[in-house]
>>> print(open('model_13.cif').read())   # mmCIF, C-alpha atoms
data_model
#
loop_
_atom_site.label_atom_id
_atom_site.label_comp_id
_atom_site.auth_asym_id
_atom_site.auth_seq_id
_atom_site.Cartn_x
_atom_site.Cartn_y
_atom_site.Cartn_z
CA MET A 1 -57.32 130.73 -46.84
CA THR A 2 -60.78 130.33 -45.35
CA GLN A 3 -60.86 127.92 -42.44
CA PRO A 4 -63.69 125.37 -42.12
CA GLY A 5 -66.15 125.58 -39.27
CA PRO A 6 -65.43 123.79 -35.99
CA GLN A 7 -65.32 120.01 -36.20
CA THR A 8 -66.79 119.64 -32.71
CA THR A 9 -69.50 121.35 -30.73
CA ARG A 10 -67.75 121.03 -27.38
CA TYR A 11 -67.87 124.19 -25.27
CA TYR A 12 -66.70 124.42 -21.67
CA THR A 13 -69.50 124.91 -19.14
CA PRO A 14 -69.01 125.41 -15.38
CA GLN A 15 -70.33 122.55 -13.26
CA GLY A 16 -70.45 124.25 -9.85
CA GLY A 17 -69.84 122.21 -6.74
CA LEU A 18 -67.29 123.11 -4.05
CA PRO A 19 -63.57 122.32 -3.73
CA GLY A 20 -62.47 119.96 -1.00
CA GLN A 21 -61.47 121.32 2.39
CA GLU A 22 -57.91 120.12 1.76
CA GLU A 23 -57.49 122.43 -1.25
CA LEU A 24 -55.41 125.62 -1.14
CA LEU A 25 -57.39 128.84 -1.62
CA THR A 26 -54.81 130.30 -4.03
CA ASP A 27 -56.29 130.81 -7.49
CA ARG A 28 -55.91 133.00 -10.56
CA ALA A 29 -58.67 135.52 -9.81
CA ILE A 30 -57.54 139.10 -10.49
CA VAL A 31 -59.36 142.43 -10.14
CA THR A 32 -57.65 145.62 -11.30
CA GLU A 33 -58.74 149.04 -12.50
CA ALA A 34 -58.20 147.96 -16.13
CA TYR A 35 -59.31 144.32 -16.18
CA THR A 36 -60.76 141.45 -14.19
CA VAL A 37 -60.07 137.73 -14.61
CA ILE A 38 -62.65 135.32 -13.19
CA PRO A 39 -61.17 131.80 -13.39
CA ARG A 40 -63.45 128.83 -13.78
CA GLY A 41 -62.42 127.53 -10.35
CA VAL A 42 -64.34 130.28 -8.56
CA LEU A 43 -67.65 129.55 -10.33
CA ARG A 44 -69.00 127.50 -7.43
CA ASP A 45 -72.42 126.78 -5.98
CA ILE A 46 -72.22 129.46 -3.28
CA VAL A 47 -71.89 132.33 -5.78
CA THR A 48 -74.91 131.50 -7.96
CA SER A 49 -78.08 133.59 -8.13
CA ASN A 50 -81.71 132.92 -8.97
CA LEU A 51 -83.81 135.13 -11.24
CA PRO A 52 -87.48 136.07 -10.77
CA GLY A 53 -89.59 134.42 -13.44
CA TRP A 54 -87.05 131.67 -14.13
CA ASP A 55 -87.88 128.21 -12.78
CA LYS A 56 -85.26 125.56 -11.95
CA THR A 57 -82.55 127.95 -13.10
CA ARG A 58 -79.40 129.36 -11.57
CA LEU A 59 -76.73 131.67 -12.93
CA TRP A 60 -73.26 133.03 -12.38
CA VAL A 61 -73.04 136.78 -13.04
CA LEU A 62 -69.77 137.37 -14.86
CA ALA A 63 -70.18 141.09 -15.61
CA ARG A 64 -72.48 143.97 -14.77
CA PRO A 65 -72.10 147.72 -15.28
CA VAL A 66 -69.74 149.17 -12.68
CA GLU A 67 -69.17 152.91 -12.41
CA GLY A 68 -65.60 153.78 -13.37
CA PHE A 69 -65.00 150.40 -15.04
CA ALA A 70 -67.06 148.70 -17.76
CA THR A 71 -70.54 150.15 -18.11
CA THR A 72 -72.20 148.91 -21.30
CA PHE A 73 -73.21 145.29 -20.70
CA ALA A 74 -74.00 142.34 -18.44
CA GLN A 75 -73.00 138.74 -19.01
CA TYR A 76 -74.10 135.52 -17.29
CA VAL A 77 -73.55 131.79 -17.32
CA VAL A 78 -77.06 130.33 -16.99
CA GLU A 79 -77.83 126.71 -16.05
CA VAL A 80 -81.37 125.42 -16.64
CA SER A 81 -82.48 122.10 -15.13
CA PRO A 82 -84.98 119.80 -16.87
CA GLY A 83 -88.41 121.42 -16.85
CA GLY A 84 -86.94 124.84 -16.11
CA GLY A 85 -86.87 128.12 -17.96
CA ALA A 86 -88.87 131.31 -18.31
CA ASP A 87 -92.05 132.34 -20.11
CA ARG A 88 -90.60 135.83 -20.49
CA GLY A 89 -86.85 135.85 -20.87
CA GLU A 90 -86.29 139.61 -20.84
CA VAL A 91 -88.41 142.00 -18.79
CA GLU A 92 -86.73 145.27 -19.85
CA ASP A 93 -88.07 146.47 -23.21
CA THR A 94 -84.93 148.50 -23.97
CA VAL A 95 -82.55 145.54 -23.58
CA GLN A 96 -81.25 143.35 -26.41
CA SER A 97 -79.74 139.92 -25.77
CA VAL A 98 -77.52 137.25 -27.22
CA VAL A 99 -78.06 133.64 -26.11
CA PHE A 100 -75.30 131.13 -26.94
CA VAL A 101 -75.85 127.52 -25.88
CA THR A 102 -72.86 125.62 -24.51
CA GLU A 103 -74.52 122.46 -23.13
CA GLY A 104 -77.77 120.54 -23.56
CA THR A 105 -80.89 121.50 -25.49
CA LEU A 106 -83.13 124.54 -25.06
CA THR A 107 -86.33 125.59 -26.81
CA LEU A 108 -86.52 129.29 -27.67
CA THR A 109 -89.87 130.79 -28.65
CA VAL A 110 -89.99 134.20 -30.34
CA ARG A 111 -93.25 135.63 -31.70
CA GLY A 112 -94.85 132.19 -31.57
CA GLU A 113 -92.06 130.46 -33.53
CA GLU A 114 -90.06 127.73 -31.78
CA HIS A 115 -86.33 127.15 -32.27
CA VAL A 116 -84.45 124.21 -30.78
CA LEU A 117 -80.98 125.32 -29.69
CA GLU A 118 -78.18 122.82 -29.10
CA PRO A 119 -74.49 123.51 -28.36
CA GLY A 120 -73.35 126.17 -30.81
CA GLY A 121 -76.87 127.57 -31.13
CA TYR A 122 -76.93 131.38 -31.24
CA ALA A 123 -79.86 133.78 -30.96
CA TYR A 124 -79.83 137.56 -31.25
CA LEU A 125 -82.96 138.86 -29.52
CA ALA A 126 -83.86 142.43 -30.39
CA ALA A 127 -84.94 144.94 -27.77
CA GLY A 128 -88.71 144.89 -27.36
CA ASP A 129 -89.20 141.37 -28.73
CA GLU A 130 -90.82 139.03 -26.24
CA TRP A 131 -89.20 135.61 -25.98
CA SER A 132 -89.26 132.53 -23.79
CA LEU A 133 -86.69 129.83 -23.14
CA HIS A 134 -87.33 126.36 -21.71
CA ASN A 135 -85.48 123.12 -21.10
CA ARG A 136 -87.83 120.38 -22.30
CA SER A 137 -85.17 117.67 -22.21
CA ASP A 138 -84.22 115.28 -19.41
CA ALA A 139 -80.71 116.74 -18.95
CA LYS A 140 -79.50 120.13 -17.76
CA ALA A 141 -78.68 122.83 -20.28
CA ALA A 142 -76.48 125.92 -20.09
CA PHE A 143 -75.94 129.09 -22.08
CA GLN A 144 -74.06 132.36 -22.16
CA TRP A 145 -76.39 135.35 -21.90
CA VAL A 146 -75.15 138.81 -22.94
CA ARG A 147 -77.43 141.81 -22.33
CA LYS A 148 -77.08 145.45 -23.42
CA VAL A 149 -79.39 148.45 -23.60
CA TYR A 150 -80.00 149.04 -27.32
CA GLU A 151 -78.93 152.48 -28.58
CA ARG A 152 -81.45 153.34 -31.30
CA ILE A 153 -80.56 155.59 -34.23
CA ASP A 154 -82.83 156.87 -36.99
CA GLY A 155 -83.07 154.66 -40.05
CA TYR A 156 -81.74 151.48 -38.45
CA GLU A 157 -83.31 148.68 -36.45
CA ALA A 158 -81.67 145.43 -35.38
CA LYS A 159 -83.81 142.35 -36.01
CA THR A 160 -84.07 139.08 -34.08
CA PHE A 161 -82.38 136.09 -35.73
CA VAL A 162 -81.38 132.53 -34.82
CA THR A 163 -78.40 130.60 -36.23
CA ARG A 164 -75.60 128.16 -35.27
CA GLU A 165 -71.86 128.56 -35.10
CA GLN A 166 -71.53 125.42 -37.21
CA ASP A 167 -73.26 127.15 -40.13
CA ILE A 168 -70.94 130.18 -40.30
CA GLU A 169 -67.50 130.16 -41.90
CA PRO A 170 -64.81 131.80 -39.76
CA ARG A 171 -63.10 134.75 -41.40
CA PRO A 172 -59.29 134.60 -41.13
CA MET A 173 -57.46 137.77 -40.19
CA PRO A 174 -55.26 139.08 -43.03
CA ASP A 175 -51.75 137.63 -43.32
CA THR A 176 -52.28 135.02 -40.57
CA ASP A 177 -52.72 131.92 -42.78
CA GLY A 178 -55.82 131.07 -40.74
CA ALA A 179 -54.02 131.04 -37.36
CA TRP A 180 -56.39 133.81 -36.15
CA ALA A 181 -60.01 133.84 -37.32
CA THR A 182 -63.35 135.27 -36.25
CA THR A 183 -66.82 133.75 -36.58
CA ARG A 184 -68.97 136.82 -37.15
CA PHE A 185 -72.68 136.48 -36.45
CA VAL A 186 -73.41 140.05 -37.59
CA ASP A 187 -72.02 141.96 -40.55
CA PRO A 188 -69.53 144.50 -39.11
CA ASP A 189 -70.86 147.12 -41.54
CA ASP A 190 -74.47 146.75 -40.36
CA LEU A 191 -75.00 149.92 -38.32
CA ALA A 192 -78.27 148.59 -36.90
CA HIS A 193 -76.18 146.65 -34.40
CA ASP A 194 -74.46 148.45 -31.53
CA MET A 195 -72.79 145.32 -30.15
CA HIS A 196 -71.05 142.31 -31.62
CA VAL A 197 -70.90 138.92 -29.92
CA ASN A 198 -68.54 136.77 -31.99
CA ILE A 199 -66.30 133.73 -31.56
CA VAL A 200 -62.57 134.22 -31.96
CA THR A 201 -60.36 131.21 -32.72
CA PHE A 202 -56.58 130.93 -32.53
CA GLN A 203 -54.77 127.83 -33.68
CA PRO A 204 -51.98 126.69 -31.31
CA GLY A 205 -49.19 129.24 -31.57
CA GLY A 206 -51.43 131.92 -33.10
CA SER A 207 -51.30 135.36 -31.55
CA ILE A 208 -52.52 138.92 -31.43
CA PRO A 209 -49.12 140.43 -32.32
CA PHE A 210 -49.75 143.94 -30.94
CA ALA A 211 -51.32 145.47 -27.86
CA GLU A 212 -54.86 146.37 -28.90
CA THR A 213 -55.83 149.61 -27.15
CA HIS A 214 -59.30 150.84 -28.04
CA ILE A 215 -62.61 152.23 -26.85
CA MET A 216 -64.52 148.94 -26.90
CA GLU A 217 -65.32 147.16 -23.65
CA HIS A 218 -64.92 143.40 -23.71
CA GLY A 219 -66.28 140.27 -22.15
CA LEU A 220 -64.25 137.20 -23.18
CA TYR A 221 -65.53 133.78 -22.12
CA VAL A 222 -63.06 131.02 -23.02
CA LEU A 223 -64.89 128.19 -24.76
CA GLU A 224 -61.93 125.92 -25.41
CA GLY A 225 -58.17 125.69 -25.00
CA LYS A 226 -55.64 127.85 -23.17
CA ALA A 227 -53.48 130.92 -23.77
CA VAL A 228 -51.30 133.56 -22.19
CA TYR A 229 -52.99 136.97 -22.31
CA ARG A 230 -51.25 140.33 -22.05
CA LEU A 231 -53.53 142.67 -20.09
CA ASN A 232 -52.40 146.21 -19.26
CA GLY A 233 -48.77 145.09 -18.98
CA ASP A 234 -49.44 141.84 -17.08
CA TRP A 235 -49.09 138.33 -18.49
CA VAL A 236 -52.04 136.18 -17.35
CA GLU A 237 -52.65 132.49 -18.06
CA VAL A 238 -56.22 131.62 -19.01
CA GLN A 239 -58.00 128.40 -19.91
CA GLU A 240 -61.42 127.17 -21.01
CA GLY A 241 -64.13 128.29 -18.60
CA ASP A 242 -62.29 131.47 -17.57
CA PHE A 243 -63.79 134.93 -18.11
CA MET A 244 -61.90 138.15 -18.87
CA TRP A 245 -63.63 141.49 -18.37
CA LEU A 246 -61.83 144.47 -19.93
CA ARG A 247 -62.65 148.14 -19.57
CA ALA A 248 -62.23 150.57 -22.47
CA PHE A 249 -58.62 151.19 -23.56
CA CYS A 250 -57.14 148.24 -21.64
CA PRO A 251 -54.11 147.10 -23.71
CA GLN A 252 -54.56 143.47 -24.74
CA ALA A 253 -52.79 140.77 -26.74
CA CYS A 254 -52.30 137.00 -26.50
CA TYR A 255 -50.41 133.87 -27.48
CA ALA A 256 -52.46 130.69 -27.90
CA GLY A 257 -51.16 127.53 -26.28
CA GLY A 258 -51.79 123.94 -27.34
CA PRO A 259 -52.67 121.27 -27.98
CA LYS A 260 -56.20 122.45 -28.92
CA PRO A 261 -57.34 125.69 -30.55
CA PHE A 262 -57.91 128.60 -28.18
CA ARG A 263 -61.46 129.88 -28.66
CA TYR A 264 -63.57 132.48 -26.86
CA LEU A 265 -66.94 134.20 -27.07
CA LEU A 266 -66.25 137.93 -27.41
CA TYR A 267 -68.53 140.87 -26.58
CA LYS A 268 -67.76 144.40 -27.74
CA ASP A 269 -69.74 147.61 -28.11
CA VAL A 270 -69.55 149.19 -31.58
CA ASN A 271 -71.04 151.60 -34.15
CA ARG A 272 -72.26 154.45 -31.96
CA GLN A 273 -71.22 158.05 -31.34
CA VAL A 274 -69.48 158.78 -28.03
CA LYS A 275 -72.00 160.37 -25.67
CA LEU A 276 -70.65 163.53 -24.07
CA ASP A 277 -73.78 165.02 -22.48
CA ARG A 278 -74.57 162.71 -19.55
CA ARG A 279 -77.43 164.77 -18.09
#
>>> encode(input="model_13.cif", output="structure tokens")
Amino acid sequence: MTQPGPQTTRYYTPQGGLPGQEELLTDRAIVTEAYTVIPRGVLRDIVTSNLPGWDKTRLWVLARPVEGFATTFAQYVVEVSPGGGADRGEVEDTVQSVVFVTEGTLTLTVRGEEHVLEPGGYAYLAAGDEWSLHNRSDAKAAFQWVRKVYERIDGYEAKTFVTREQDIEPRPMPDTDGAWATTRFVDPDDLAHDMHVNIVTFQPGGSIPFAETHIMEHGLYVLEGKAVYRLNGDWVEVQEGDFMWLRAFCPQACYAGGPKPFRYLLYKDVNRQVKLDRR
């Protein structure tokens, strides 16, 4: 049974600020050799960064390559104030990007063509394509930004495209009656792409009923809802706004809580030979 697209375009976005001095410092942040959990409560003003070339913009860095852990990608939460943005979004010609808007309105320009992105807006930006991104509205905007060096292979070339989550039907996993579904922005059989950034949705009570253990690194940003995740033998509670960062072969499974669906933006590296010669 194919599930309809989401009925709402609400996506959790960090708001920054600082907790009160009366608050306890105990939180759910975890760093291990197999996984890291960055809860939304630690995404505060004092851990933001600025980027050269980006005006009126700040970001939280959720993931970056770390030797001995996850090495294939970087992921940010980016907040752009009115009038802010960048004339050149990516300065490294070998890097591809995915932009997924969670709040506000942004104008993306690629090869002279403008695209207005609102919550649910998704853009795959191929390595070598020049693009700009600006907030021309009177309210702040925010997006998830995933970056990866593109691994080129003969006969294939990934192309820039722009779409919306609302326009793509989720694909239910077999034998789940729609309790577990994936919104796929790229055809899994398209070998031009060496990464997938999809949205996974579990209805309350849905689960991953086995411990996935595989080569793919993951970044999981929770867009909505809550769940209990099994990570390398540990049970960890997560909620909207949390980020999970998993190295290759970290065992993983989950049970979705209620009352809302549990939904996350998922990064994984795919479709390339394992490199053995690192010279």
>>> residues_near_point(input="model_13.cif", point="(-80.4, 121.5, -24.5)", cutoff="7 Å", atoms="all atoms listed in the file", output="list in words")
Glu103, Gly104, Thr105, Leu106, Leu117, Glu118, Asn135, Ser137, Lys140 and Ala141 of chain A
>>> closest_residue(input="model_13.cif", among="A:Arg247, A:His214, A:Arg171, A:His196", to="Ser97 in chain A", atoms="all atoms listed in the file")
A:His196
>>> residues_around(input="model_13.cif", residues="Phe249 in chain A", least_positions_apart="4", cutoff="8 Å", atoms="only C-alpha atoms", output="PyMOL selection string")
chain A and resi 213-217
>>> resolve_selection(input="model_13.cif", expression="the PyMOL selection byres ((chain A and resi 202) around 6)", output="mmCIF file with C-alpha atoms, in the frame of the given file")
data_model
loop_
_atom_site.group_PDB
_atom_site.id
_atom_site.type_symbol
_atom_site.label_atom_id
_atom_site.label_comp_id
_atom_site.auth_asym_id
_atom_site.auth_seq_id
_atom_site.Cartn_x
_atom_site.Cartn_y
_atom_site.Cartn_z
ATOM 1 C CA ALA A 179 -54.020 131.040 -37.360
ATOM 2 C CA TRP A 180 -56.390 133.810 -36.150
ATOM 3 C CA THR A 201 -60.360 131.210 -32.720
ATOM 4 C CA GLN A 203 -54.770 127.830 -33.680
ATOM 5 C CA GLY A 206 -51.430 131.920 -33.100
ATOM 6 C CA PRO A 261 -57.340 125.690 -30.550
ATOM 7 C CA PHE A 262 -57.910 128.600 -28.180
#
>>> closest_residue(input="model_13.cif", among="A:His134, A:Arg58, A:Lys275, A:His218", to="Arg44 in chain A", atoms="all atoms listed in the file")
A:Arg58
>>> resolve_selection(input="model_13.cif", expression="the PyMOL selection byres ((chain A and resi 131-133) around 8)", output="MDAnalysis selection string")
chainID A and resid 85:90 106:111 125 129:130 134:135
>>> closest_residue(input="model_13.cif", among="A:Leu220, A:Val146, A:Met244, A:Ile199", to="Phe73 in chain A", atoms="all atoms listed in the file")
A:Val146
>>> closest_residue(input="model_13.cif", among="A:Ile38, A:Val31, A:Ala70, A:Leu266", to="Asp242 in chain A", atoms="all atoms listed in the file")
A:Ile38
>>> atom_distance(input="model_13.cif", atom1="CA of Arg147 in chain A", atom2="CA of Glu212 in chain A")
23.9 Å
>>> closest_residue(input="model_13.cif", among="A:Val222, A:Val162, A:Val228, A:Val37", to="Gln144 in chain A", atoms="all atoms listed in the file")
A:Val222
>>> closest_atom_pairs(input="model_13.cif", of="range 72-113 of chain A", to="range 8-22 of chain A", cutoff="12 Å", atoms="all atoms listed in the file", output="JSON lines")
{"residue": "A:Tyr76", "atom": "CA", "partner": "A:Pro14", "partner_atom": "CA", "distance": 11.5}
{"residue": "A:Val77", "atom": "CA", "partner": "A:Pro14", "partner_atom": "CA", "distance": 8.1}
{"residue": "A:Val78", "atom": "CA", "partner": "A:Thr13", "partner_atom": "CA", "distance": 9.5}
{"residue": "A:Glu79", "atom": "CA", "partner": "A:Pro14", "partner_atom": "CA", "distance": 8.9}
{"residue": "A:Val80", "atom": "CA", "partner": "A:Gln15", "partner_atom": "CA", "distance": 11.9}
{"residue": "A:Phe100", "atom": "CA", "partner": "A:Tyr11", "partner_atom": "CA", "distance": 10.3}
{"residue": "A:Val101", "atom": "CA", "partner": "A:Tyr11", "partner_atom": "CA", "distance": 8.7}
{"residue": "A:Thr102", "atom": "CA", "partner": "A:Tyr11", "partner_atom": "CA", "distance": 5.2}
{"residue": "A:Glu103", "atom": "CA", "partner": "A:Thr13", "partner_atom": "CA", "distance": 6.9}
{"residue": "A:Gly104", "atom": "CA", "partner": "A:Thr13", "partner_atom": "CA", "distance": 10.3}
>>> closest_residue(input="model_13.cif", among="A:Gly112, A:Gly178, A:Gly128, A:Gly120", to="Gly205 in chain A", atoms="only C-alpha atoms")
A:Gly178
>>> residues_around(input="model_13.cif", residues="Ser207 in chain A", least_positions_apart="2", cutoff="6 Å", atoms="all atoms listed in the file", output="list in words")
Pro209, Cys254 and Tyr255 of chain A
>>> resolve_selection(input="model_13.cif", expression="the PyMOL selection byres ((chain A and resi 240) around 8)", output="list in words")
Tyr12, Arg40, Tyr221, Val222, Leu223, Glu224, Gly225, Lys226, Val238, Gln239, Gly241 and Asp242 of chain A
>>> atom_distance(input="model_13.cif", atom1="CA of Arg272 in chain A", atom2="CA of Gly68 in chain A")
19.8 Å
>>> atom_distance(input="model_13.cif", atom1="CA of Gln96 in chain A", atom2="CA of Ala192 in chain A")
12.1 Å
>>> decode(input="model_13.cif", residues="range 133-146 of chain A", atoms="C-alpha atoms", output="CSV table (one decimal), in the first residue's frame")
chain,number,residue,atom,x,y,z
A,133,LEU,CA,21.5,31.0,-2.2
A,134,HIS,CA,19.8,34.1,-0.7
A,135,ASN,CA,17.0,34.9,1.8
A,136,ARG,CA,15.0,37.6,0.1
A,137,SER,CA,12.1,37.4,2.6
A,138,ASP,CA,11.6,39.3,5.8
A,139,ALA,CA,11.9,36.3,8.1
A,140,LYS,CA,14.8,34.0,8.8
A,141,ALA,CA,15.2,30.7,6.9
A,142,ALA,CA,17.0,27.5,7.7
A,143,PHE,CA,18.2,24.4,5.8
A,144,GLN,CA,20.1,21.2,6.1
A,145,TRP,CA,23.3,21.2,4.0
A,146,VAL,CA,25.0,17.9,3.2
